[in-house]
>>> print(open('start_10.txt').read())   # compact mmCIF, C-alpha atoms and all ligand atoms
# COMPACT_ATOMS: atom_id res chain seq x y z
CA MET A 1 101.40 123.26 96.57
CA TYR A 2 99.07 120.48 97.62
CA THR A 3 97.49 121.59 100.88
CA LEU A 4 94.81 119.58 102.66
CA GLU A 5 92.25 122.17 101.55
CA LYS A 6 93.31 121.88 97.94
CA LEU A 7 93.12 118.08 98.05
CA GLN A 8 89.65 118.21 99.59
CA GLU A 9 88.59 120.61 96.87
CA LEU A 10 89.88 118.20 94.22
CA ASP A 11 87.87 115.40 95.86
CA ALA A 12 84.75 117.54 95.82
CA GLN A 13 85.14 118.12 92.05
CA ASP A 14 86.34 114.61 91.19
CA PRO A 15 84.27 113.17 88.32
CA LEU A 16 85.49 109.66 89.23
CA ALA A 17 84.60 109.86 92.94
CA ARG A 18 81.41 107.86 92.52
CA TYR A 19 83.34 104.69 91.62
CA ARG A 20 84.75 104.26 95.12
CA ASP A 21 81.42 102.93 96.31
CA GLU A 22 81.76 100.03 93.84
CA PHE A 23 84.46 98.45 96.00
CA GLU A 24 84.66 96.66 99.33
CA LEU A 25 87.19 98.80 101.16
CA ALA A 26 87.17 99.09 104.95
CA ASP A 27 86.88 102.54 106.52
CA GLY A 28 90.26 103.98 107.37
CA LEU A 29 92.11 101.65 105.02
CA ILE A 30 94.24 103.32 102.37
CA TYR A 31 94.85 100.77 99.66
CA LEU A 32 97.84 101.70 97.51
CA ASP A 33 98.45 98.24 96.09
CA GLY A 34 95.78 97.97 93.40
CA ASN A 35 98.66 97.76 90.92
CA SER A 36 99.40 94.32 92.39
CA LEU A 37 95.95 93.03 93.40
CA GLY A 38 92.84 95.10 92.74
CA PRO A 39 90.25 95.13 95.57
CA LEU A 40 86.95 93.22 95.52
CA PRO A 41 84.14 94.95 93.63
CA LYS A 42 80.80 94.62 95.44
CA ARG A 43 79.11 93.35 92.29
CA THR A 44 81.70 90.57 91.91
CA LYS A 45 80.50 88.91 95.09
CA GLU A 46 76.91 88.79 93.77
CA ARG A 47 77.99 87.70 90.31
CA VAL A 48 80.12 84.78 91.50
CA ILE A 49 77.49 83.60 93.98
CA LYS A 50 74.90 83.60 91.18
CA GLY A 51 77.35 81.72 88.97
CA ILE A 52 77.68 79.06 91.62
CA ASP A 53 74.05 78.81 92.77
CA VAL A 54 72.08 79.28 89.59
CA GLU A 55 74.46 78.53 86.74
CA TRP A 56 76.63 75.70 88.02
CA GLY A 57 74.39 74.57 90.89
CA THR A 58 71.08 74.42 89.05
CA ASP A 59 71.56 74.70 85.31
CA LEU A 60 74.67 72.54 85.25
CA ILE A 61 76.11 71.74 81.83
CA THR A 62 73.33 73.61 79.99
CA SER A 63 75.00 76.79 81.25
CA TRP A 64 77.65 76.56 78.52
CA ASN A 65 74.91 77.69 76.14
CA LYS A 66 72.21 79.06 78.41
CA HIS A 67 74.48 81.40 80.37
CA GLY A 68 76.99 82.04 77.61
CA TRP A 69 79.90 80.36 79.38
CA MET A 70 81.40 79.31 76.07
CA ASN A 71 81.66 82.92 74.87
CA LYS A 72 83.27 84.39 77.96
CA PRO A 73 86.85 84.47 76.58
CA HIS A 74 85.53 86.49 73.63
CA ASP A 75 82.96 88.65 75.43
CA LEU A 76 85.44 89.65 78.12
CA GLY A 77 88.04 90.40 75.45
CA ASP A 78 85.53 92.79 73.92
CA MET A 79 85.06 94.44 77.32
CA ILE A 80 88.84 94.93 77.68
CA ALA A 81 89.19 96.25 74.11
CA PRO A 82 88.01 99.85 74.76
CA ILE A 83 90.24 100.10 77.85
CA VAL A 84 93.35 99.50 75.72
CA GLY A 85 92.25 101.03 72.42
CA ALA A 86 91.61 97.81 70.52
CA ASP A 87 88.85 96.71 68.16
CA LYS A 88 86.30 94.11 69.10
CA GLY A 89 87.42 90.57 68.36
CA THR A 90 91.14 91.30 68.70
CA ILE A 91 91.49 90.41 72.39
CA LYS A 92 90.95 86.99 73.95
CA VAL A 93 90.86 86.27 77.66
CA GLY A 94 92.36 83.21 79.30
CA ASP A 95 95.49 81.61 80.75
CA SER A 96 97.99 83.60 82.82
CA THR A 97 100.11 86.47 81.59
CA SER A 98 103.12 84.13 81.71
CA VAL A 99 101.44 81.64 79.35
CA ASN A 100 100.35 84.47 77.06
CA VAL A 101 103.96 85.70 76.91
CA PHE A 102 104.91 82.24 75.69
CA LYS A 103 102.15 82.13 73.08
CA SER A 104 102.84 85.62 71.77
CA VAL A 105 106.63 85.30 71.55
CA ALA A 106 106.38 81.91 69.85
CA ALA A 107 103.80 83.30 67.40
CA ALA A 108 105.85 86.43 66.74
CA LEU A 109 109.01 84.43 65.99
CA LYS A 110 107.02 82.48 63.39
CA ILE A 111 106.21 85.64 61.43
CA ALA A 112 109.50 87.45 62.06
CA LYS A 113 111.65 88.39 59.08
CA SER A 114 113.54 85.37 57.82
CA GLY A 115 117.00 84.90 59.24
CA ARG A 116 116.15 86.79 62.43
CA SER A 117 115.84 85.01 65.77
CA ILE A 118 116.72 87.56 68.45
CA VAL A 119 114.08 88.55 71.02
CA LEU A 120 115.04 91.89 72.57
CA SER A 121 113.87 92.82 76.05
CA ASP A 122 115.15 94.86 79.01
CA THR A 123 116.44 94.12 82.49
CA ALA A 124 113.52 96.14 83.88
CA ASN A 125 111.03 93.61 82.56
CA PHE A 126 109.03 91.54 85.00
CA PRO A 127 111.17 88.39 85.31
CA THR A 128 108.47 85.90 84.34
CA ASP A 129 108.47 87.39 80.83
CA LEU A 130 112.18 86.61 80.52
CA TYR A 131 111.77 83.18 82.14
CA MET A 132 109.09 82.20 79.63
CA ILE A 133 111.42 83.08 76.75
CA GLN A 134 114.15 81.01 78.38
CA GLY A 135 111.70 78.09 78.49
CA LEU A 136 110.93 78.60 74.81
CA GLN A 137 114.67 78.51 74.09
CA GLU A 138 114.89 75.12 75.78
CA LEU A 139 112.10 73.87 73.55
CA ILE A 140 113.05 75.22 70.14
CA GLY A 141 116.78 75.80 70.63
CA LYS A 142 118.75 78.98 71.15
CA GLU A 143 119.52 79.14 67.46
CA ASN A 144 115.82 79.76 66.86
CA CYS A 145 115.23 82.00 69.86
CA GLU A 146 118.08 84.11 71.11
CA LEU A 147 117.32 86.36 74.07
CA LYS A 148 119.02 89.73 74.30
CA VAL A 149 118.35 91.68 77.49
CA VAL A 150 119.63 95.26 77.73
CA ASP A 151 119.24 98.15 80.14
CA GLU A 152 116.06 100.17 79.57
CA THR A 153 118.16 103.16 78.47
CA GLU A 154 119.76 101.01 75.75
CA VAL A 155 116.62 99.64 74.12
CA GLU A 156 116.30 102.25 71.39
CA ALA A 157 119.95 101.94 70.36
CA ASN A 158 119.44 98.18 70.02
CA LEU A 159 116.49 98.35 67.63
CA THR A 160 118.43 97.09 64.63
CA GLU A 161 117.78 94.92 61.62
CA GLU A 162 119.10 91.90 63.52
CA ILE A 163 116.20 91.88 65.97
CA ALA A 164 113.21 89.62 65.30
CA VAL A 165 110.88 90.50 68.16
CA LEU A 166 110.74 93.25 70.79
CA LEU A 167 109.01 92.45 74.09
CA LEU A 168 108.71 95.25 76.63
CA ASN A 169 106.71 95.88 79.76
CA GLU A 170 105.40 99.41 79.15
CA VAL A 171 105.78 100.44 82.79
CA ASN A 172 108.80 99.49 84.88
CA PHE A 173 107.15 97.59 87.75
CA ARG A 174 109.78 98.74 90.21
CA THR A 175 110.12 102.45 89.42
CA GLY A 176 106.92 103.25 87.53
CA ARG A 177 108.90 104.67 84.57
CA LYS A 178 106.76 104.52 81.41
CA TYR A 179 108.05 104.03 77.90
CA ASP A 180 106.82 106.07 74.94
CA MET A 181 104.93 103.14 73.46
CA HIS A 182 104.03 104.89 70.24
CA ALA A 183 107.55 106.12 69.42
CA ILE A 184 109.24 102.82 70.26
CA THR A 185 106.74 100.78 68.29
CA GLN A 186 107.29 102.96 65.24
CA GLN A 187 111.06 102.85 65.59
CA ALA A 188 111.04 99.06 65.94
CA GLN A 189 108.65 98.45 63.06
CA ALA A 190 110.75 100.70 60.82
CA LYS A 191 113.47 98.09 61.30
CA GLY A 192 111.09 95.22 60.55
CA ILE A 193 110.76 94.13 64.19
CA ILE A 194 107.56 92.51 65.52
CA VAL A 195 106.44 94.37 68.65
CA ILE A 196 104.85 92.86 71.76
CA TRP A 197 103.82 95.07 74.68
CA ASP A 198 103.16 93.73 78.15
CA LEU A 199 100.35 95.91 79.52
CA CYS A 200 100.13 94.46 83.05
CA HIS A 201 100.81 97.89 84.57
CA SER A 202 99.04 99.83 81.81
CA ALA A 203 95.58 98.30 81.30
CA GLY A 204 93.29 100.27 83.60
CA ALA A 205 96.14 102.53 84.73
CA PHE A 206 95.99 105.06 81.86
CA PRO A 207 94.80 105.20 78.23
CA VAL A 208 96.47 102.75 75.87
CA ASP A 209 96.04 102.90 72.10
CA LEU A 210 96.85 99.47 70.71
CA LYS A 211 95.34 100.21 67.34
CA GLY A 212 96.79 103.70 67.02
CA THR A 213 100.28 102.51 67.94
CA ASN A 214 100.01 99.68 65.39
CA THR A 215 101.21 97.18 68.02
CA ASP A 216 101.51 93.60 66.74
CA PHE A 217 100.75 91.71 69.97
CA ALA A 218 99.99 92.65 73.54
CA ILE A 219 99.36 90.78 76.75
CA GLY A 220 98.14 91.85 80.15
CA CYS A 221 96.85 90.97 83.51
CA GLY A 222 93.30 90.69 84.90
CA TYR A 223 94.00 91.01 88.61
CA LYS A 224 95.86 94.31 88.85
CA TYR A 225 94.11 97.52 87.71
CA LEU A 226 91.23 95.56 86.16
CA ASN A 227 90.17 94.16 89.56
CA GLY A 228 89.42 90.62 88.33
CA GLY A 229 90.44 88.85 91.56
CA PRO A 230 93.51 86.89 92.68
CA GLY A 231 95.01 85.00 89.75
CA ALA A 232 92.31 86.27 87.37
CA PRO A 233 92.66 85.18 83.72
CA ALA A 234 94.95 87.32 81.58
CA PHE A 235 94.43 88.65 78.06
CA ILE A 236 96.15 88.57 74.70
CA TYR A 237 95.80 91.00 71.78
CA VAL A 238 96.64 90.04 68.22
CA ALA A 239 96.45 92.75 65.54
CA ASP A 240 93.87 91.96 62.88
CA ARG A 241 96.51 91.88 60.14
CA HIS A 242 98.05 88.81 61.81
CA LYS A 243 94.89 86.96 62.76
CA ASP A 244 94.99 84.26 60.13
CA ALA A 245 98.70 84.42 59.29
CA VAL A 246 100.08 83.56 62.66
CA ILE A 247 99.94 80.39 64.72
CA GLN A 248 100.77 79.73 68.33
CA PRO A 249 102.06 76.41 69.63
CA LEU A 250 99.49 75.70 72.36
CA SER A 251 97.02 74.35 69.85
CA GLY A 252 94.21 73.35 72.17
CA TRP A 253 90.70 72.45 71.12
CA HIS A 254 89.18 75.82 72.00
CA GLY A 255 91.38 77.42 69.34
CA HIS A 256 90.18 74.88 66.77
CA LYS A 257 87.99 75.97 63.89
CA SER A 258 85.22 73.57 64.92
CA PRO A 259 85.98 72.08 68.33
CA PHE A 260 82.78 70.07 68.55
CA GLU A 261 83.52 68.08 65.44
CA PHE A 262 86.19 66.32 67.48
CA SER A 263 88.38 65.60 64.49
CA THR A 264 91.88 64.22 65.00
CA GLU A 265 93.53 67.07 63.07
CA TYR A 266 94.12 70.52 64.54
CA VAL A 267 92.72 73.16 62.23
CA PRO A 268 93.09 76.66 63.69
CA SER A 269 90.16 79.04 63.83
CA ASP A 270 90.22 81.80 61.21
CA THR A 271 90.47 84.51 63.84
CA GLN A 272 92.23 85.46 67.08
CA THR A 273 90.23 82.60 68.60
CA ARG A 274 93.24 80.43 67.72
CA PHE A 275 94.92 82.04 70.73
CA VAL A 276 92.35 80.47 73.07
CA VAL A 277 93.62 77.13 74.39
CA GLY A 278 91.41 75.00 76.64
CA THR A 279 88.12 75.09 78.52
CA PRO A 280 87.61 78.54 80.03
CA PRO A 281 87.84 78.91 83.85
CA VAL A 282 84.24 80.06 84.22
CA LEU A 283 84.12 81.07 87.88
CA SER A 284 87.24 83.21 87.48
CA LEU A 285 85.86 84.70 84.30
CA LEU A 286 82.62 85.66 86.06
CA ALA A 287 84.64 87.51 88.69
CA LEU A 288 86.67 89.29 86.03
CA GLU A 289 83.53 90.13 84.07
CA ALA A 290 82.00 91.90 87.06
CA GLY A 291 85.23 93.86 87.56
CA LEU A 292 85.23 94.85 83.89
CA GLU A 293 81.62 96.05 84.00
CA ILE A 294 82.74 98.91 86.22
CA TRP A 295 85.20 99.99 83.52
CA GLN A 296 82.68 100.26 80.73
CA ASP A 297 81.82 103.94 81.23
CA VAL A 298 85.10 105.19 82.71
CA ASP A 299 86.56 108.17 80.85
CA MET A 300 90.22 107.21 80.36
CA GLN A 301 91.35 110.84 80.00
CA GLN A 302 89.78 111.71 83.35
CA LEU A 303 91.44 108.62 84.78
CA ARG A 304 94.88 109.72 83.55
CA GLU A 305 94.43 113.26 84.82
CA LYS A 306 93.47 112.07 88.30
CA SER A 307 96.27 109.49 88.36
CA LEU A 308 98.86 112.17 87.56
CA ASN A 309 97.40 114.54 90.15
CA LEU A 310 97.44 111.82 92.80
CA THR A 311 101.03 110.82 92.04
CA ASP A 312 102.18 114.47 91.79
CA ALA A 313 100.58 115.20 95.17
CA PHE A 314 102.11 112.13 96.79
CA ILE A 315 105.60 112.94 95.50
CA GLU A 316 105.36 116.54 96.65
CA LEU A 317 104.00 115.71 100.09
CA VAL A 318 106.55 112.97 100.83
CA GLU A 319 109.36 115.24 99.68
CA THR A 320 108.20 118.15 101.81
CA ARG A 321 106.63 116.57 104.91
CA CYS A 322 109.15 113.71 105.16
CA ALA A 323 112.10 115.65 103.74
CA GLU A 324 114.55 114.84 106.52
CA TYR A 325 114.00 111.07 106.58
CA GLY A 326 116.13 109.90 103.67
CA PHE A 327 113.59 109.00 100.97
CA THR A 328 114.83 109.20 97.37
CA LEU A 329 112.31 109.36 94.54
CA ALA A 330 112.78 106.46 92.08
CA THR A 331 109.89 107.46 89.76
CA PRO A 332 110.26 110.02 86.96
CA ARG A 333 109.03 113.51 87.82
CA GLU A 334 108.16 114.08 84.18
CA ARG A 335 104.44 113.31 83.87
CA ALA A 336 104.68 111.72 80.43
CA GLN A 337 107.23 109.22 81.75
CA ARG A 338 105.20 108.09 84.71
CA GLY A 339 102.76 105.20 85.01
CA SER A 340 100.30 105.14 87.92
CA GLN A 341 102.64 104.30 90.77
CA VAL A 342 105.27 106.06 92.84
CA SER A 343 108.35 104.39 94.32
CA PHE A 344 110.74 105.77 96.88
CA ALA A 345 114.07 104.20 97.78
CA HIS A 346 114.98 103.99 101.46
CA LYS A 347 117.57 101.87 103.23
CA ASP A 348 114.90 100.74 105.72
CA GLY A 349 112.28 100.32 103.01
CA TYR A 350 111.06 96.91 104.14
CA PRO A 351 110.39 97.67 107.84
CA ILE A 352 108.93 101.08 106.95
CA MET A 353 106.43 99.38 104.61
CA GLN A 354 105.54 96.86 107.34
CA ALA A 355 104.88 99.72 109.77
CA LEU A 356 102.74 101.47 107.17
CA ILE A 357 100.73 98.29 106.56
CA ALA A 358 100.20 97.92 110.34
CA ASP A 359 98.87 101.49 110.19
CA LYS A 360 96.48 100.58 107.36
CA VAL A 361 98.37 102.14 104.48
CA ILE A 362 98.92 99.19 102.16
CA GLY A 363 101.67 99.45 99.59
CA ASP A 364 104.42 96.95 98.92
CA PHE A 365 108.17 96.50 98.82
CA ARG A 366 110.41 95.58 95.92
CA ALA A 367 114.00 94.49 96.55
CA PRO A 368 116.50 95.84 97.19
CA ASN A 369 115.11 99.04 98.76
CA LEU A 370 111.92 100.30 97.09
CA LEU A 371 108.68 101.27 98.77
CA ARG A 372 106.04 101.05 96.06
CA PHE A 373 102.68 102.83 96.08
CA GLY A 374 100.06 102.24 93.40
CA PHE A 375 97.49 104.97 92.70
CA THR A 376 94.24 103.70 91.29
CA PRO A 377 91.91 106.60 90.46
CA LEU A 378 88.68 104.59 90.71
CA TYR A 379 88.87 104.22 94.48
CA THR A 380 91.77 106.32 95.77
CA SER A 381 90.84 109.82 96.91
CA TYR A 382 93.00 112.91 97.19
CA GLN A 383 92.39 112.86 100.94
CA ASP A 384 93.88 109.32 100.97
CA VAL A 385 97.13 110.81 99.66
CA TRP A 386 97.21 113.33 102.48
CA ASP A 387 96.38 110.74 105.14
CA ALA A 388 98.94 108.24 103.83
CA VAL A 389 101.75 110.79 103.99
CA GLU A 390 100.56 111.90 107.43
CA ARG A 391 100.82 108.33 108.73
CA LEU A 392 104.21 107.90 107.06
CA HIS A 393 105.39 111.08 108.74
CA VAL A 394 104.40 109.79 112.19
CA ILE A 395 106.08 106.43 111.54
CA MET A 396 109.32 108.20 110.60
CA ALA A 397 109.23 110.84 113.35
CA ASP A 398 108.56 108.25 116.07
CA LYS A 399 110.76 105.56 114.43
CA LYS A 400 107.78 103.23 114.64
CA TYR A 401 109.35 101.03 111.95
CA ASP A 402 112.23 100.13 114.23
CA LYS A 403 110.73 96.90 115.57
CA PRO A 404 112.39 93.50 115.10
CA GLU A 405 109.20 91.89 113.77
CA TYR A 406 109.05 94.40 110.91
CA ARG A 407 112.42 93.16 109.66
CA VAL A 408 111.28 89.57 109.19
CA LYS A 409 110.69 89.07 105.46
CA ALA A 410 107.45 87.34 104.47
CA ALA A 411 107.23 85.06 101.41
CA VAL A 412 105.25 87.67 99.48
CA THR A 413 106.59 91.21 99.80
C1 LIG A 501 102.14 91.01 87.12
C2 LIG A 501 102.93 90.74 85.91
C3 LIG A 501 103.00 89.46 85.36
C4 LIG A 501 102.32 88.33 86.08
O1 LIG A 501 102.28 87.17 85.36
P1 LIG A 501 101.40 85.97 85.90
O2 LIG A 501 101.54 84.93 84.90
O3 LIG A 501 100.01 86.48 86.11
O4 LIG A 501 101.95 85.57 87.25
C5 LIG A 501 103.70 89.29 84.18
N1 LIG A 501 104.33 90.31 83.57
C6 LIG A 501 104.29 91.56 84.09
C7 LIG A 501 104.98 92.68 83.38
C8 LIG A 501 103.61 91.80 85.28
O5 LIG A 501 103.58 93.02 85.80
>>> encode(input="start_10.txt", output="structure tokens")
Amino acid sequence: MYTLEKLQELDAQDPLARYRDEFELADGLIYLDGNSLGPLPKRTKERVIKGIDVEWGTDLITSWNKHGWMNKPHDLGDMIAPIVGADKGTIKVGDSTSVNVFKSVAAALKIAKSGRSIVLSDTANFPTDLYMIQGLQELIGKENCELKVVDETEVEANLTEEIAVLLLNEVNFRTGRKYDMHAITQQAQAKGIIVIWDLCHSAGAFPVDLKGTNTDFAIGCGYKYLNGGPGAPAFIYVADRHKDAVIQPLSGWHGHKSPFEFSTEYVPSDTQTRFVVGTPPVLSLLALEAGLEIWQDVDMQQLREKSLNLTDAFIELVETRCAEYGFTLATPRERAQRGSQVSFAHKDGYPIMQALIADKVIGDFRAPNLLRFGFTPLYTSYQDVWDAVERLHVIMADKKYDKPEYRVKAAVT
């Protein structure tokens, strides 16, 4: 049973509590949407202002060398590597997740077993991943890129010797259900399938072991759990065994072996650098870098333990304190199958979330009926869980969500 006393005790013993002070979060605000947009780290403000004043403003073009701008896609990749269990040099930062989906799927199809052209994914995937494959189909033809999308419960049964590439989002962004990444990767590779994991809801949410799982490619997001800022650059991982055997079609000059020779022929770099495309977005990279600095000494096992305690507590408290109000848990109760978010279905999900936001509990809504709450152990306390459920209880008991303005859908939900 999670009582207020017990939660306060957990806060008092929390080894991660000190990280909360790294973030700009207003008093009284309970931010349960760091799985969609991480909050602003205090050091990011200083870092970006310095980047503008000193680096761009004063040192101008010399900053490419003097302030290491040129190396940011590589240096930041090396900062992400320990968070997702990868070796240095295997991760490059840049472009959006969508663009990195395109690069990785195209590259994977190139090294897939001959005669295979099917990319397998699931209906639970974040739609942009599927859209990017549909775009690739337009470009190279469906005969070279066939997309097969199955229910998440059917993925394992579909790992056959006909499949070229498997692309899955490790955590269902609606329900928070988490795949067994290690088991599925092994099963797929036993059938000769190239495996790509989308880690948007994994990187910074719990430990990931890219090397240990033997994953071929991975991609992920900078602005969710990594707190890199709105639209922050994304990342791409390419296993070392593929680094000089695989090519991707966006052959820009920053992936060239020697970009400053300005030759007319594209010659790819010998390493994962060939997955870098154009000039790095320096200001955005500086913001992401500051966000990543916070991660450098975080113990990922402590992070996972706190995340599971927070989500366990939230589930239990909503189900007991709000038992009569018609919420249905959409997230697995089984700890091993849960990411770092909790979703409840409710027929009035949208207006209830608007009422919660008005009461300073920020989560979000995913059609058709899900209230979604992200739990980010670096800045969410156990007391926050108690207070959030308390405010939800009042909203339900007083029907505070029953206002016409709460039913008007905004462009971003
Ligand atoms: C958030 C998210 C994206 C976002 O892609 P962008 O190109 O940054 O808009 C892609 N895939 C998944 C699985 C996501 O969760």
>>> residues_around(input="start_10.txt", residues="A:Lys409", least_positions_apart="5", cutoff="10 Å", atoms="all atoms listed in the file", output="list of chain:residue names")
A:Tyr350, A:Pro351, A:Gln354
>>> residues_around(input="start_10.txt", residues="A:Pro249", least_positions_apart="4", cutoff="9 Å", atoms="only C-alpha atoms", output="list in words")
Phe102, Lys103, Ala106 and Ala107 of chain A
>>> closest_atom_pairs(input="start_10.txt", of="stretch 183-233 of chain A", to="stretch 267-280 of chain A", cutoff="12 Å", atoms="all atoms listed in the file", output="Markdown table")
| residue | atom | partner | partner_atom | distance |
| --- | --- | --- | --- | --- |
| A:Phe217 | CA | A:Gln272 | CA | 11.0 |
| A:Ile219 | CA | A:Phe275 | CA | 11.5 |
| A:Ala232 | CA | A:Pro280 | CA | 11.6 |
| A:Pro233 | CA | A:Pro280 | CA | 9.1 |
>>> closest_atom_pairs(input="start_10.txt", of="stretch 8-100 of chain A", to="stretch 391-396 of chain A", cutoff="12 Å", atoms="all atoms listed in the file", output="Markdown table")
| residue | atom | partner | partner_atom | distance |
| --- | --- | --- | --- | --- |
| A:Gly28 | CA | A:Arg391 | CA | 11.5 |
| A:Leu29 | CA | A:Arg391 | CA | 11.6 |
| A:Ile30 | CA | A:Arg391 | CA | 10.4 |
>>> residues_near_ligand(input="start_10.txt", ligand="ligand LIG 501 (chain A)", cutoff="9 Å", atoms="all atoms listed in the file", output="VMD selection string")
chain A and resid 35 to 36 95 to 101 125 to 129 168 to 173 198 to 201 219 to 224 231 to 234
>>> atom_distance(input="start_10.txt", atom1="atom CA of A:Ala12", atom2="atom CA of A:Tyr382")
9.6 Å
>>> atom_distance(input="start_10.txt", atom1="atom CA of A:Lys399", atom2="atom CA of A:Ala345")
17.0 Å
>>> residues_around(input="start_10.txt", residues="stretch 363-378 of chain A", least_positions_apart="3", cutoff="6 Å", atoms="only C-alpha atoms", output="number ranges by chain")
A: 19-20, 32-33, 35, 307, 340-347, 349, 413
>>> write_last_selection(input="start_10.txt", atoms="C-alpha atoms", output="PDB file, in the coordinates of the input")
ATOM      1  CA  TYR A  19      83.340 104.690  91.620  1.00  0.00           C
ATOM      2  CA  ARG A  20      84.750 104.260  95.120  1.00  0.00           C
ATOM      3  CA  LEU A  32      97.840 101.700  97.510  1.00  0.00           C
ATOM      4  CA  ASP A  33      98.450  98.240  96.090  1.00  0.00           C
ATOM      5  CA  ASN A  35      98.660  97.760  90.920  1.00  0.00           C
ATOM      6  CA  SER A 307      96.270 109.490  88.360  1.00  0.00           C
ATOM      7  CA  SER A 340     100.300 105.140  87.920  1.00  0.00           C
ATOM      8  CA  GLN A 341     102.640 104.300  90.770  1.00  0.00           C
ATOM      9  CA  VAL A 342     105.270 106.060  92.840  1.00  0.00           C
ATOM     10  CA  SER A 343     108.350 104.390  94.320  1.00  0.00           C
ATOM     11  CA  PHE A 344     110.740 105.770  96.880  1.00  0.00           C
ATOM     12  CA  ALA A 345     114.070 104.200  97.780  1.00  0.00           C
ATOM     13  CA  HIS A 346     114.980 103.990 101.460  1.00  0.00           C
ATOM     14  CA  LYS A 347     117.570 101.870 103.230  1.00  0.00           C
ATOM     15  CA  GLY A 349     112.280 100.320 103.010  1.00  0.00           C
ATOM     16  CA  THR A 413     106.590  91.210  99.800  1.00  0.00           C
TER      17      THR A 413
END
>>> decode(input="start_10.txt", residues="stretch 103-131 of chain A", atoms="C-alpha atoms", output="mmCIF file, in the first residue's frame")
data_model
loop_
_atom_site.group_PDB
_atom_site.id
_atom_site.type_symbol
_atom_site.label_atom_id
_atom_site.label_comp_id
_atom_site.auth_asym_id
_atom_site.auth_seq_id
_atom_site.Cartn_x
_atom_site.Cartn_y
_atom_site.Cartn_z
ATOM 1 C CA LYS A 103 18.339 6.276 -43.223
ATOM 2 C CA SER A 104 18.338 3.148 -41.078
ATOM 3 C CA VAL A 105 15.640 1.265 -42.988
ATOM 4 C CA ALA A 106 17.231 2.092 -46.334
ATOM 5 C CA ALA A 107 20.641 1.002 -45.016
ATOM 6 C CA ALA A 108 19.231 -2.184 -43.491
ATOM 7 C CA LEU A 109 17.501 -3.191 -46.731
ATOM 8 C CA LYS A 110 20.867 -2.873 -48.495
ATOM 9 C CA ILE A 111 22.461 -5.486 -46.242
ATOM 10 C CA ALA A 112 19.394 -7.715 -45.857
ATOM 11 C CA LYS A 113 19.602 -11.309 -47.060
ATOM 12 C CA SER A 114 19.258 -11.461 -50.813
ATOM 13 C CA GLY A 115 15.761 -11.999 -52.109
ATOM 14 C CA ARG A 116 14.170 -10.469 -49.018
ATOM 15 C CA SER A 117 12.412 -7.107 -49.147
ATOM 16 C CA ILE A 118 9.784 -7.134 -46.399
ATOM 17 C CA VAL A 119 10.034 -4.631 -43.544
ATOM 18 C CA LEU A 120 8.004 -5.890 -40.582
ATOM 19 C CA SER A 121 6.559 -3.469 -38.046
ATOM 20 C CA ASP A 122 3.495 -3.252 -35.793
ATOM 21 C CA THR A 123 0.333 -1.166 -35.663
ATOM 22 C CA ALA A 124 1.464 0.143 -32.267
ATOM 23 C CA ASN A 125 4.441 1.897 -33.838
ATOM 24 C CA PHE A 126 4.568 5.664 -33.841
ATOM 25 C CA PRO A 127 3.027 6.504 -37.233
ATOM 26 C CA THR A 128 5.932 8.575 -38.558
ATOM 27 C CA ASP A 129 8.063 5.409 -38.601
ATOM 28 C CA LEU A 130 5.526 3.755 -40.898
ATOM 29 C CA TYR A 131 5.095 6.913 -42.991
#
